[in-house]
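Since the structure comes first, as structure tokens, the remarks are kept for the end.
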Amino acid sequence: KITDEVSNIAKLKFKYIMSIYGVCSDATAVVMDYMSNGSLNNLLANHNFMWQKKFQMIHEISMGMNFLHSMKPPLLHLNLKTSNILLDDHLHVKVRETLVHMLYFLAMYDDG
């Protein structure tokens, strides 16, 4: 049952959402995009960004969340924070953790 849900979630493809490429059968490992600049949380501790870059990041985060919330039925992230915003080589954003939190939720309510 969980593997069916993971398969459905892995089909989600959007520029500002982390892609899922695979999941370990016991759901303890997830293969996702590599984001070389790590989390926004870590970057904010060491860098000051110009307003143009800040606006770009806010826009990309908003686009990712809008994509999830516009699904039928909506997929709610429920854990948006700077440590769940990852950045690539060019400081473009991808939102992560949707799969991990959904797997936790599904495992809690899985019938077997």
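Scheme for the structure tokens: letters A, B, ... for chains in order shown; per-chain residue numbers from 1; ligand numbers from 1 in order shown.
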
Exercise for the section: Report the residues of stretch 10-102 of chain A whose backbone DSSP state falls under strand (DSSP E or B), written as a PyMOL selection string. Expected result: chain A and resi 17+20-23+30-32+39+85-87+93-95

Problem - Computed interatomic separation between atom CA of A:Val95 and atom CA of A:Ile17 (Å) - result: 4.8 Å

Taking only residues of stretch 74-97 of chain A that have an atom at most 10 Å from an atom of stretch 53-58 of chain A, what is each one's shortest atom pair and its distance in Å to one decimal, using only C-alpha atoms, in chain and number order, as CSV?
residue,atom,partner,partner_atom,distance
A:Ile85,CA,A:Met57,CA,9.4
A:Leu87,CA,A:Met57,CA,9.1
A:Leu91,CA,A:Met57,CA,8.0
A:His92,CA,A:Met57,CA,6.8
A:Val93,CA,A:Met57,CA,6.2
A:Lys94,CA,A:Met57,CA,9.4

Handout entry: Length of the atom CA of A:Thr82 to atom CA of A:Asn41 vector [Å]
Key =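 Interatomic distance, atom CA of A:Thr82 to atom CA of A:Asn41: 4.7 Å.
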
Handout entry: Shell of 7 Å around A:Tyr21, only C-alpha atoms, local chain residues under 2 positions omitted, as a list in words
Key =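 Final neighbour list, sorted by chain and number: Ala10, Ser19, Val31 and Met32 of chain A.
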
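Using only C-alpha atoms, the nearest neighbour of A:His90 within the list A:Cys24, A:Ile9, A:Met35, A:Leu75 is A:Met35.
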
Handout entry: Near-A:Asn84 list (10 Å; only C-alpha atoms; drop same-chain fewer than 5 positions) as a VMD selection string
Key = chain A and resid 38 to 41 79 94 to 98

Just-selected residues, N, CA, C and O atoms written as a tab-separated table (two decimals), in the first residue's frame:
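Saved result, again.tsv, follows:
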chain	number	residue	atom	x	y	z
A	38	GLY	N	22.98	23.17	-0.55
A	38	GLY	CA	22.34	22.79	0.71
A	38	GLY	C	21.06	23.55	0.98
A	38	GLY	O	20.38	24.01	0.07
A	39	SER	N	20.77	23.73	2.25
A	39	SER	CA	19.50	24.34	2.64
A	39	SER	C	19.60	25.87	2.71
A	39	SER	O	20.66	26.43	2.95
A	40	LEU	N	18.45	26.49	2.53
A	40	LEU	CA	18.37	27.94	2.68
A	40	LEU	C	18.73	28.34	4.10
A	40	LEU	O	19.36	29.37	4.32
A	41	ASN	N	18.38	27.52	5.06
A	41	ASN	CA	18.70	27.79	6.45
A	41	ASN	C	20.22	27.96	6.65
A	41	ASN	O	20.67	28.93	7.27
A	79	ASN	N	5.18	21.35	6.51
A	79	ASN	CA	6.46	21.52	7.20
A	79	ASN	C	7.38	22.46	6.44
A	79	ASN	O	8.58	22.22	6.33
A	94	LYS	N	14.37	24.38	-4.64
A	94	LYS	CA	13.47	23.23	-4.70
A	94	LYS	C	12.99	22.96	-3.29
A	94	LYS	O	13.77	22.96	-2.34
A	95	VAL	N	11.68	22.73	-3.16
A	95	VAL	CA	11.09	22.40	-1.87
A	95	VAL	C	11.23	20.91	-1.66
A	95	VAL	O	10.97	20.11	-2.57
A	96	ARG	N	11.66	20.48	-0.47
A	96	ARG	CA	11.81	19.05	-0.18
A	96	ARG	C	10.91	18.64	0.98
A	96	ARG	O	10.23	19.46	1.56
A	97	GLU	N	10.97	17.37	1.29
A	97	GLU	CA	10.31	16.76	2.45
A	97	GLU	C	8.89	16.31	2.22
A	97	GLU	O	8.32	15.69	3.08
A	98	THR	N	8.29	16.61	1.10
A	98	THR	CA	6.90	16.18	0.92
A	98	THR	C	6.80	14.66	1.00
A	98	THR	O	5.92	14.14	1.67

Handout entry: Point-to-point distance from atom CA of A:Tyr16 to atom CA of A:Glu60, Å rounded to tenths
Key =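 A separation of 6.2 Å between them.
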
Exercise for the section: Considering only C-alpha atoms, state which residue in the set A:Ser83, A:Gly64, A:Asp88, A:Leu76 is at the smallest distance from A:Leu44. Expected result: A:Ser83

Handout entry: In stretch 7-95 of chain A, DSSP helix (DSSP H, G or I) residues written as a PyMOL selection string
Key = chain A and resi 7-10+40-46+51-69+82-84
